[in-house]
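Containing compact mmCIF, C-alpha atoms and all ligand atoms: start-v4.txt.
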```txt
# COMPACT_ATOMS: atom_id res chain seq x y z
CA MET A 708 4.16 -5.76 -9.28
CA LYS A 709 4.30 -9.37 -8.07
CA TRP A 710 2.03 -10.60 -5.28
CA THR A 711 2.34 -13.67 -3.08
CA GLU A 712 -0.52 -15.46 -1.40
CA ILE A 713 -0.45 -17.31 1.89
CA GLU A 714 -3.33 -19.73 2.18
CA VAL A 715 -4.41 -21.14 5.55
CA THR A 716 -6.78 -24.12 5.57
CA THR A 717 -8.41 -24.40 8.98
CA THR A 718 -11.77 -24.50 10.84
CA SER A 719 -14.66 -22.03 10.46
CA GLU A 720 -14.26 -21.14 14.13
CA VAL A 721 -10.98 -19.28 13.64
CA VAL A 722 -11.68 -17.36 10.41
CA GLU A 723 -11.58 -13.95 12.13
CA PRO A 724 -8.44 -14.43 14.27
CA VAL A 725 -6.56 -16.05 11.37
CA SER A 726 -7.55 -13.16 9.06
CA ASN A 727 -6.34 -10.71 11.70
CA ILE A 728 -2.99 -12.49 12.05
CA LEU A 729 -2.48 -12.46 8.27
CA MET A 730 -3.43 -8.76 8.05
CA ASP A 731 -1.15 -7.87 11.00
CA GLU A 732 1.78 -9.35 9.10
CA GLY A 733 1.23 -6.94 6.21
CA ALA A 734 -1.37 -8.52 3.92
CA SER A 735 -3.10 -5.99 1.69
CA GLY A 736 -6.30 -8.06 1.80
CA VAL A 737 -7.76 -11.50 2.46
CA LYS A 738 -10.25 -13.73 0.70
CA ILE A 739 -12.36 -16.10 2.81
CA ASP A 740 -13.97 -19.32 1.66
CA ASP A 741 -15.94 -20.59 4.67
CA ALA A 742 -18.18 -23.68 4.42
CA LYS A 743 -20.41 -22.13 7.10
CA ASP A 744 -21.32 -19.27 4.77
CA PHE A 745 -23.00 -21.82 2.52
CA ASP A 746 -24.88 -23.75 5.21
CA ASN A 747 -27.90 -21.48 5.13
CA LEU A 748 -27.80 -20.77 1.44
CA GLU A 749 -30.91 -22.01 -0.34
CA ASP A 750 -31.19 -22.78 -4.02
CA GLY A 751 -33.34 -20.40 -6.00
CA LYS A 752 -32.63 -17.23 -4.07
CA PHE A 753 -31.28 -14.05 -5.58
CA GLY A 754 -27.78 -13.38 -4.37
CA GLU A 755 -25.43 -10.47 -3.82
CA LEU A 756 -24.94 -9.93 -7.53
CA SER A 757 -28.69 -10.26 -8.23
CA GLY A 758 -28.07 -13.63 -9.85
CA TYR A 759 -30.12 -16.79 -9.50
CA ILE A 760 -28.19 -19.01 -7.07
CA LYS A 761 -27.74 -22.74 -7.45
CA LYS A 762 -25.59 -24.01 -4.60
CA ALA A 763 -24.03 -26.79 -6.64
CA ASP A 764 -22.75 -24.28 -9.21
CA ILE A 765 -20.65 -22.40 -6.66
CA ASP A 766 -17.18 -23.71 -6.10
CA HIS A 767 -16.85 -23.82 -2.31
CA LEU A 768 -15.60 -25.86 0.61
CA ASN A 769 -17.94 -28.41 2.17
CA SER A 770 -16.24 -28.23 5.54
CA GLY A 771 -13.85 -25.87 7.30
CA ALA A 772 -12.49 -22.66 5.86
CA LYS A 773 -9.72 -21.39 3.63
CA ILE A 774 -8.28 -17.92 4.22
CA THR A 775 -6.09 -16.53 1.47
CA ALA A 776 -4.00 -13.46 2.21
CA TYR A 777 -2.27 -11.31 -0.44
CA TYR A 778 1.18 -9.78 0.11
CA PRO A 779 2.90 -7.19 -2.09
CA GLU A 780 6.53 -7.73 -3.08
CA THR A 781 7.68 -5.30 -0.40
CA ILE A 782 6.95 -8.01 2.17
CA PHE A 783 9.69 -10.61 2.50
CA ILE A 784 7.68 -13.83 2.94
CA PRO A 785 10.42 -16.01 4.54
CA GLU A 786 10.59 -13.38 7.28
CA ILE A 787 6.87 -13.28 8.15
CA LEU A 788 6.05 -16.98 7.64
CA PRO A 789 7.60 -18.20 10.94
CA THR A 790 5.70 -15.49 12.88
CA ILE A 791 2.42 -16.45 11.20
CA LYS A 792 2.98 -20.14 12.01
CA GLN A 793 3.92 -19.33 15.59
CA ARG A 794 0.79 -17.19 16.09
CA LEU A 795 -1.44 -19.86 14.52
CA GLY A 796 0.11 -22.34 16.98
CA GLN A 797 -0.86 -20.05 19.87
CA LEU A 798 -4.59 -19.99 18.98
CA ARG A 799 -5.22 -23.05 21.17
CA GLU A 800 -3.88 -21.12 24.18
CA PHE A 801 -6.84 -18.76 23.68
CA GLY A 802 -9.29 -21.68 23.74
CA LEU A 803 -9.74 -21.70 19.95
CA ASN A 804 -9.59 -24.79 17.76
CA PRO A 805 -7.80 -24.27 14.44
CA GLY A 806 -7.98 -28.04 13.72
CA ASN A 807 -5.24 -29.68 11.74
CA TYR A 808 -4.44 -26.44 9.91
CA GLN A 809 -2.17 -26.12 6.89
CA VAL A 810 -0.24 -23.15 5.54
CA GLU A 811 0.72 -22.86 1.86
CA THR A 812 2.52 -20.14 -0.10
CA LYS A 813 1.94 -19.46 -3.82
CA GLU A 814 2.36 -16.78 -6.45
CA VAL A 815 -0.90 -14.94 -7.04
CA ALA A 816 -3.03 -15.34 -10.15
CA GLU A 817 -3.80 -11.75 -11.17
CA SER A 818 -7.54 -12.36 -11.50
CA ASP A 819 -7.73 -13.45 -7.83
CA TRP A 820 -5.93 -10.45 -6.46
CA ALA A 821 -7.75 -7.85 -8.57
CA THR A 822 -10.93 -8.25 -6.52
CA ALA A 823 -10.16 -10.35 -3.46
CA TRP A 824 -8.77 -7.63 -1.22
CA LYS A 825 -11.90 -5.50 -1.50
CA LYS A 826 -13.54 -7.29 1.43
CA TYR A 827 -11.12 -5.79 3.96
CA TYR A 828 -10.78 -2.43 2.29
CA HIS A 829 -12.78 0.36 3.90
CA PRO A 830 -12.33 4.12 4.40
CA VAL A 831 -9.35 4.77 6.66
CA ARG A 832 -8.28 8.07 8.20
CA VAL A 833 -4.55 7.86 7.59
CA THR A 834 -3.42 11.24 8.95
CA ARG A 835 -4.97 14.29 10.61
CA PHE A 836 -6.19 15.58 7.26
CA LEU A 837 -6.18 12.63 4.84
CA THR A 838 -8.67 9.79 4.56
CA VAL A 839 -8.43 7.09 1.89
CA VAL A 840 -11.82 5.99 0.56
CA PRO A 841 -12.43 3.00 -1.77
CA SER A 842 -14.18 4.30 -4.88
CA TRP A 843 -17.20 2.01 -4.37
CA GLU A 844 -17.94 3.18 -0.81
CA LYS A 845 -19.99 6.21 0.16
CA TYR A 846 -18.21 8.30 2.79
CA ASP A 847 -19.01 11.64 4.41
CA THR A 848 -16.21 13.59 6.06
CA THR A 849 -16.33 13.40 9.83
CA VAL A 850 -14.04 16.25 10.89
CA THR A 851 -13.31 19.77 9.69
CA ASP A 852 -10.59 20.01 7.02
CA GLU A 853 -10.65 16.24 6.32
CA LYS A 854 -9.58 15.61 2.71
CA LEU A 855 -10.37 12.48 0.71
CA ILE A 856 -8.20 10.31 -1.51
CA VAL A 857 -10.64 8.22 -3.57
CA LEU A 858 -9.06 5.03 -4.87
CA ASP A 859 -9.59 1.81 -6.76
CA PRO A 860 -6.02 0.44 -6.74
CA GLY A 861 -6.80 -2.58 -8.94
CA MET A 862 -3.52 -4.42 -9.48
CA ALA A 863 -1.35 -1.48 -8.39
CA PHE A 864 0.22 -1.12 -4.94
CA GLY A 865 -1.18 1.62 -2.76
CA THR A 866 -4.51 1.05 -1.03
CA GLY A 867 -3.36 3.58 1.56
CA THR A 868 -3.54 1.01 4.35
CA HIS A 869 0.05 -0.28 4.11
CA PRO A 870 2.40 1.18 6.77
CA THR A 871 4.86 2.36 4.10
CA THR A 872 2.13 4.39 2.36
CA LYS A 873 0.92 5.80 5.68
CA LEU A 874 4.45 6.90 6.59
CA SER A 875 4.78 8.65 3.22
CA LEU A 876 1.49 10.50 3.68
CA MET A 877 2.56 11.50 7.21
CA ALA A 878 5.88 12.80 5.89
CA LEU A 879 4.06 14.83 3.23
CA GLU A 880 1.73 16.28 5.84
CA THR A 881 4.78 17.31 7.89
CA VAL A 882 6.64 19.21 5.15
CA VAL A 883 4.01 20.58 2.76
CA ARG A 884 3.26 24.28 3.20
CA GLY A 885 1.36 24.77 -0.06
CA GLY A 886 2.21 25.49 -3.67
CA GLU A 887 5.38 23.33 -3.91
CA SER A 888 6.27 21.32 -7.01
CA MET A 889 6.63 17.56 -6.44
CA ILE A 890 7.76 14.36 -8.12
CA ASP A 891 6.30 11.00 -6.97
CA VAL A 892 8.65 8.12 -7.85
CA GLY A 893 6.92 4.71 -7.94
CA THR A 894 3.43 6.16 -7.79
CA GLY A 895 1.59 2.79 -7.83
CA SER A 896 -2.10 3.64 -7.41
CA GLY A 897 -1.25 7.37 -7.36
CA VAL A 898 -2.18 7.61 -3.68
CA LEU A 899 0.71 9.90 -2.65
CA SER A 900 0.23 12.29 -5.58
CA ILE A 901 -3.46 12.66 -4.83
CA GLY A 902 -2.74 13.08 -1.11
CA ALA A 903 -0.12 15.73 -1.88
CA LYS A 904 -2.57 17.72 -4.01
CA GLN A 905 -5.11 17.56 -1.20
CA LEU A 906 -2.47 19.01 1.16
CA GLY A 907 -1.93 21.93 -1.20
CA VAL A 908 1.04 20.90 -3.35
CA GLY A 909 1.08 22.67 -6.74
CA ASP A 910 2.55 20.96 -9.79
CA VAL A 911 2.88 17.14 -9.46
CA ARG A 912 4.56 14.65 -11.78
CA ALA A 913 4.19 10.92 -11.05
CA TYR A 914 6.23 8.02 -12.45
CA ASP A 915 6.18 4.24 -12.24
CA LEU A 916 8.18 1.52 -13.95
CA ASP A 917 5.10 -0.67 -14.25
CA GLU A 918 2.61 0.15 -17.05
CA VAL A 919 -0.21 -1.46 -15.03
CA ALA A 920 0.47 1.01 -12.21
CA VAL A 921 0.57 3.96 -14.64
CA LYS A 922 -2.90 3.00 -15.92
CA ALA A 923 -4.26 2.46 -12.40
CA ALA A 924 -2.81 5.80 -11.27
CA GLN A 925 -4.41 7.61 -14.22
CA SER A 926 -7.82 6.07 -13.40
CA ASN A 927 -7.47 7.17 -9.80
CA LEU A 928 -6.42 10.70 -10.75
CA ASP A 929 -9.61 10.83 -12.82
CA LEU A 930 -11.62 9.92 -9.69
CA ASN A 931 -10.19 12.91 -7.76
CA PRO A 932 -10.97 16.35 -9.25
CA VAL A 933 -8.13 17.91 -7.21
CA ALA A 934 -5.67 15.67 -9.09
CA LYS A 935 -6.80 16.36 -12.62
CA ASP A 936 -3.65 18.29 -13.64
CA ILE A 937 -1.15 15.63 -12.39
CA GLN A 938 1.08 14.23 -15.12
CA VAL A 939 1.66 10.46 -14.87
CA ALA A 940 4.06 8.47 -17.06
CA ALA A 941 6.12 5.30 -17.19
CA ASN A 942 9.73 5.90 -16.14
CA ASP A 943 12.55 4.02 -14.43
CA LEU A 944 13.34 6.04 -11.27
CA LEU A 945 14.31 9.57 -12.43
CA ASN A 946 16.37 8.46 -15.42
CA GLY A 947 16.20 11.13 -18.13
CA ILE A 948 14.15 13.57 -16.01
CA GLU A 949 15.66 17.05 -16.20
CA GLU A 950 13.07 19.31 -14.61
CA GLY A 951 13.49 19.44 -10.84
CA ALA A 952 10.95 19.79 -8.04
CA GLN A 953 10.89 21.09 -4.46
CA ILE A 954 9.73 17.75 -3.05
CA ILE A 955 10.64 14.25 -4.25
CA VAL A 956 8.73 11.40 -2.60
CA ALA A 957 9.45 7.69 -3.08
CA ASN A 958 7.93 4.72 -1.30
CA ILE A 959 10.09 1.95 -2.80
CA LEU A 960 12.26 -0.85 -1.48
CA ALA A 961 15.52 0.31 0.14
CA GLU A 962 17.60 -1.32 -2.62
CA ILE A 963 15.82 0.88 -5.18
CA ILE A 964 16.07 4.04 -3.05
CA LEU A 965 19.90 3.81 -3.01
CA PRO A 966 20.39 4.63 -6.73
CA LEU A 967 17.72 7.33 -6.41
CA VAL A 968 19.67 9.32 -3.80
CA LEU A 969 22.03 11.00 -6.30
CA GLN A 970 19.21 11.60 -8.83
CA ALA A 971 17.09 13.29 -6.14
CA TRP A 972 20.03 15.43 -4.99
CA ASP A 973 20.59 16.67 -8.56
CA LEU A 974 16.91 17.56 -9.10
CA LEU A 975 16.18 19.25 -5.75
CA PRO A 976 16.86 22.94 -5.03
CA GLU A 977 18.41 24.04 -1.71
CA ASN A 978 15.95 23.35 1.13
CA GLY A 979 14.12 20.83 -1.10
CA TYR A 980 12.77 17.71 0.60
CA PHE A 981 13.53 14.06 -0.21
CA LEU A 982 10.89 11.87 1.44
CA THR A 983 11.56 8.13 1.40
CA SER A 984 9.65 5.16 2.78
CA GLY A 985 9.43 1.41 2.15
CA ILE A 986 12.58 0.93 4.24
CA ILE A 987 12.56 -2.24 6.33
CA ASN A 988 14.30 -1.88 9.73
CA LYS A 989 17.48 -3.77 8.85
CA LYS A 990 18.11 -1.54 5.79
CA PHE A 991 17.45 1.73 7.65
CA ASP A 992 21.07 2.52 8.65
CA GLU A 993 22.31 1.88 5.11
CA VAL A 994 19.73 4.25 3.57
CA VAL A 995 20.41 6.98 6.17
CA ALA A 996 24.17 6.65 5.57
CA ALA A 997 23.74 6.91 1.79
CA GLN A 998 21.60 10.04 2.11
CA GLU A 999 23.98 11.70 4.59
CA LYS A 1000 27.01 10.82 2.46
CA GLN A 1001 25.31 12.57 -0.44
CA GLY A 1002 24.89 15.70 1.70
CA PHE A 1003 21.26 15.42 2.79
CA LYS A 1004 20.34 16.42 6.37
CA ILE A 1005 18.02 13.93 8.06
CA ARG A 1006 15.29 16.11 9.61
CA GLN A 1007 13.02 13.40 10.95
CA THR A 1008 12.58 9.63 10.89
CA LEU A 1009 9.22 7.93 11.17
CA LYS A 1010 8.56 4.34 12.19
CA MET A 1011 5.57 2.01 12.02
CA GLY A 1012 6.03 -1.65 12.88
CA ASP A 1013 9.12 -2.86 11.00
CA TRP A 1014 9.02 0.03 8.53
CA TYR A 1015 10.84 3.37 8.44
CA GLY A 1016 10.27 6.62 6.60
CA ILE A 1017 12.85 9.40 6.31
CA ILE A 1018 12.37 13.16 5.90
CA ALA A 1019 15.64 14.43 4.42
CA GLN A 1020 16.44 17.94 3.20
CA LYS A 1021 19.04 19.35 0.85
CA PRO A 1022 20.68 21.97 3.07
CA GLY A 1023 20.48 25.66 2.31
CA ASP A 1024 22.64 28.65 3.41
CA ASP A 1025 21.36 28.47 6.98
CA ASP A 1026 22.66 24.93 7.61
C1 LIG A 1101 5.65 0.14 -2.54
S1 LIG A 1101 4.90 0.63 -4.03
C2 LIG A 1101 4.39 2.31 -3.60
C3 LIG A 1101 3.10 2.74 -4.24
C4 LIG A 1101 2.57 4.08 -3.73
N1 LIG A 1101 3.47 5.17 -4.04
C5 LIG A 1101 2.34 4.03 -2.22
O1 LIG A 1101 3.03 4.77 -1.51
O2 LIG A 1101 1.49 3.27 -1.76
C6 LIG A 1101 6.33 0.88 -5.04
C7 LIG A 1101 6.02 1.24 -6.50
O3 LIG A 1101 7.27 1.52 -7.13
C8 LIG A 1101 7.27 1.01 -8.45
N2 LIG A 1101 8.68 0.82 -8.85
C9 LIG A 1101 9.52 -0.19 -8.52
N3 LIG A 1101 10.72 0.02 -9.09
C10 LIG A 1101 10.66 1.20 -9.78
C11 LIG A 1101 11.58 1.94 -10.57
N4 LIG A 1101 12.83 1.50 -10.78
N5 LIG A 1101 11.16 3.10 -11.12
C12 LIG A 1101 9.89 3.54 -10.93
N6 LIG A 1101 8.97 2.87 -10.19
C13 LIG A 1101 9.34 1.71 -9.62
C14 LIG A 1101 6.45 -0.28 -8.32
O4 LIG A 1101 5.91 -0.64 -9.58
C15 LIG A 1101 5.37 0.13 -7.31
O5 LIG A 1101 4.22 0.63 -7.95
```
Exercise: express the given structure as structure tokens:
Amino acid sequence: MKWTEIEVTTTSEVVEPVSNILMDEGASGVKIDDAKDFDNLEDGKFGELSGYIKKADIDHLNSGAKITAYYPETIFIPEILPTIKQRLGQLREFGLNPGNYQVETKEVAESDWATAWKKYYHPVRVTRFLTVVPSWEKYDTTVTDEKLIVLDPGMAFGTGTHPTTKLSLMALETVVRGGESMIDVGTGSGVLSIGAKQLGVGDVRAYDLDEVAVKAAQSNLDLNPVAKDIQVAANDLLNGIEEGAQIIVANILAEIILPLVLQAWDLLPENGYFLTSGIINKKFDEVVAAQEKQGFKIRQTLKMGDWYGIIAQKPGDDD
């Protein structure tokens, strides 16, 4: 999984609104380096990590602030960059002073991403029944029947906060009745497999092309007792998979869903569900057409921002 960072150098005054703009455009997290945070820091104190602090030893800005936002490869940067710049330009209309701000785009160094997003990652109730909880936060359920997905996504995609993940969890909540078998294609952090188990799905197999994701998914399955019998392995789409399932879920880019349509058709029984997400609005018609051409019935489409999810079903005798 490749990540891109967008770095905005600006004034301390606009750290919050700039962070919000960057998150609105699909960032999975932001890192903030704000000179103001260091103004009151005194040498010789014990800091957050119980270490002895010497101001001069900490690499930080002496004036202004730098906000770095991290975007997964599902976000097409040339598409969001003009909107970000336009919204930064509008800050003055709200009486805020972003100074002579600068915007830079870079590929992410893995070590930065692995921890940076944690600041903006908190428990989030994604659906009626499912709440995603970072593994380092304590959380007590707030409503009856609320089920938790405990996660430390590390370098894998799937904090549960991205619209494409939310749409997938919503689709699962719509179709699951309990006891079904399921395959999760492109499991990332394992979030959908764990969510499915919490909704009552029976046997789950999870696959990802990326070995880093497979490892992250396994660690997350270990954090969730309900998910302990899920099988996770490296695999390219459903190549070589012969055992079918009643539900196949995939939150992957539209281009990658297209070759999956035939594979899913072959592995699903009549009335089996094919749940897809990760579909940006301009690819939606193409993905619907490919699924209908294959014979799937589109039962429901879900939309959040620029993203679509599709609940498709292999028809049975009644159709
Ligand atoms: C958008 S993320 C979804 C992660 C998680 N399922 C979620 O819903 O948040 C897509 C995942 O698909 C994986 N992937 C991409 N191409 C794949 C392929 N050909 N076969 C299997 N997995 C793939 C990526 O490594 C990534 O982890």
For this session: Go through A:Leu928, A:Val994, A:Val919, A:Val840 and flag the residue nearest Tyr1015 (chain A), using all atoms listed in the file for the distances.
Result: A:Val994
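You can rank A:Asn988, A:Gln998, A:Thr983, A:Asn958 by their closest distance to ligand LIG 1101 (chain A) using only C-alpha atoms and all ligand atoms, and at the top of that list sits A:Asn958.
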Kindly assemble as JSON lines a list of the chain A residues that lie within 8 Å of ligand LIG 1101 (chain A), each paired with its nearest atom pair and their distance in Å to one decimal, using all atoms listed in the file, sorted first by chain and then by ascending residue number.
```
{"residue": "A:Met708", "atom": "CA", "partner": "A:LIG1101", "partner_atom": "O4", "distance": 5.4}
{"residue": "A:Pro779", "atom": "CA", "partner": "A:LIG1101", "partner_atom": "C1", "distance": 7.8}
{"residue": "A:Glu780", "atom": "CA", "partner": "A:LIG1101", "partner_atom": "C1", "distance": 7.9}
{"residue": "A:Thr781", "atom": "CA", "partner": "A:LIG1101", "partner_atom": "C1", "distance": 6.2}
{"residue": "A:Ala863", "atom": "CA", "partner": "A:LIG1101", "partner_atom": "O5", "distance": 6.0}
{"residue": "A:Phe864", "atom": "CA", "partner": "A:LIG1101", "partner_atom": "C3", "distance": 4.9}
{"residue": "A:Gly865", "atom": "CA", "partner": "A:LIG1101", "partner_atom": "O2", "distance": 3.3}
{"residue": "A:Thr866", "atom": "CA", "partner": "A:LIG1101", "partner_atom": "O2", "distance": 6.4}
{"residue": "A:Gly867", "atom": "CA", "partner": "A:LIG1101", "partner_atom": "O2", "distance": 5.9}
{"residue": "A:His869", "atom": "CA", "partner": "A:LIG1101", "partner_atom": "O2", "distance": 7.0}
{"residue": "A:Thr871", "atom": "CA", "partner": "A:LIG1101", "partner_atom": "O1", "distance": 6.4}
{"residue": "A:Thr872", "atom": "CA", "partner": "A:LIG1101", "partner_atom": "O1", "distance": 4.0}
{"residue": "A:Lys873", "atom": "CA", "partner": "A:LIG1101", "partner_atom": "O1", "distance": 7.6}
{"residue": "A:Ser875", "atom": "CA", "partner": "A:LIG1101", "partner_atom": "O1", "distance": 6.4}
{"residue": "A:Leu876", "atom": "CA", "partner": "A:LIG1101", "partner_atom": "O1", "distance": 7.9}
{"residue": "A:Asp891", "atom": "CA", "partner": "A:LIG1101", "partner_atom": "N1", "distance": 7.1}
{"residue": "A:Val892", "atom": "CA", "partner": "A:LIG1101", "partner_atom": "C12", "distance": 5.7}
{"residue": "A:Gly893", "atom": "CA", "partner": "A:LIG1101", "partner_atom": "O3", "distance": 3.3}
{"residue": "A:Thr894", "atom": "CA", "partner": "A:LIG1101", "partner_atom": "N1", "distance": 3.9}
{"residue": "A:Gly895", "atom": "CA", "partner": "A:LIG1101", "partner_atom": "O5", "distance": 3.4}
{"residue": "A:Ser896", "atom": "CA", "partner": "A:LIG1101", "partner_atom": "C4", "distance": 6.0}
{"residue": "A:Gly897", "atom": "CA", "partner": "A:LIG1101", "partner_atom": "N1", "distance": 6.2}
{"residue": "A:Val898", "atom": "CA", "partner": "A:LIG1101", "partner_atom": "C4", "distance": 5.9}
{"residue": "A:Leu899", "atom": "CA", "partner": "A:LIG1101", "partner_atom": "N1", "distance": 5.7}
{"residue": "A:Ser900", "atom": "CA", "partner": "A:LIG1101", "partner_atom": "N1", "distance": 8.0}
{"residue": "A:Tyr914", "atom": "CA", "partner": "A:LIG1101", "partner_atom": "C12", "distance": 6.0}
{"residue": "A:Asp915", "atom": "CA", "partner": "A:LIG1101", "partner_atom": "N6", "distance": 3.7}
{"residue": "A:Leu916", "atom": "CA", "partner": "A:LIG1101", "partner_atom": "C12", "distance": 4.0}
{"residue": "A:Asp917", "atom": "CA", "partner": "A:LIG1101", "partner_atom": "O4", "distance": 4.7}
{"residue": "A:Ala920", "atom": "CA", "partner": "A:LIG1101", "partner_atom": "O5", "distance": 5.7}
{"residue": "A:Ala941", "atom": "CA", "partner": "A:LIG1101", "partner_atom": "C12", "distance": 7.5}
{"residue": "A:Asn942", "atom": "CA", "partner": "A:LIG1101", "partner_atom": "C12", "distance": 5.7}
{"residue": "A:Asp943", "atom": "CA", "partner": "A:LIG1101", "partner_atom": "N5", "distance": 3.7}
{"residue": "A:Leu944", "atom": "CA", "partner": "A:LIG1101", "partner_atom": "N5", "distance": 3.7}
{"residue": "A:Leu945", "atom": "CA", "partner": "A:LIG1101", "partner_atom": "N5", "distance": 7.3}
{"residue": "A:Ala957", "atom": "CA", "partner": "A:LIG1101", "partner_atom": "N1", "distance": 6.6}
{"residue": "A:Asn958", "atom": "CA", "partner": "A:LIG1101", "partner_atom": "C2", "distance": 4.9}
{"residue": "A:Ile959", "atom": "CA", "partner": "A:LIG1101", "partner_atom": "C6", "distance": 4.5}
{"residue": "A:Leu960", "atom": "CA", "partner": "A:LIG1101", "partner_atom": "C1", "distance": 6.8}
{"residue": "A:Ile963", "atom": "CA", "partner": "A:LIG1101", "partner_atom": "N4", "distance": 6.4}
{"residue": "A:Ser984", "atom": "CA", "partner": "A:LIG1101", "partner_atom": "O1", "distance": 7.9}
{"residue": "A:Gly985", "atom": "CA", "partner": "A:LIG1101", "partner_atom": "C1", "distance": 6.2}
```
Exercise. Could you state the separation of CA of Asn927 (chain A) and CA of Asp859 (chain A) in Å, given to one decimal place?
Worked result: 6.5 Å
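In this comparison, which uses all atoms listed in the file, the residue of A:Pro805, A:Pro870, A:Pro785, A:Gly733 approaching Gly771 (chain A) most closely is A:Pro805.
Coordinates place CA of Asp992 (chain A) at a distance of 25.7 Å from CA of Met889 (chain A).
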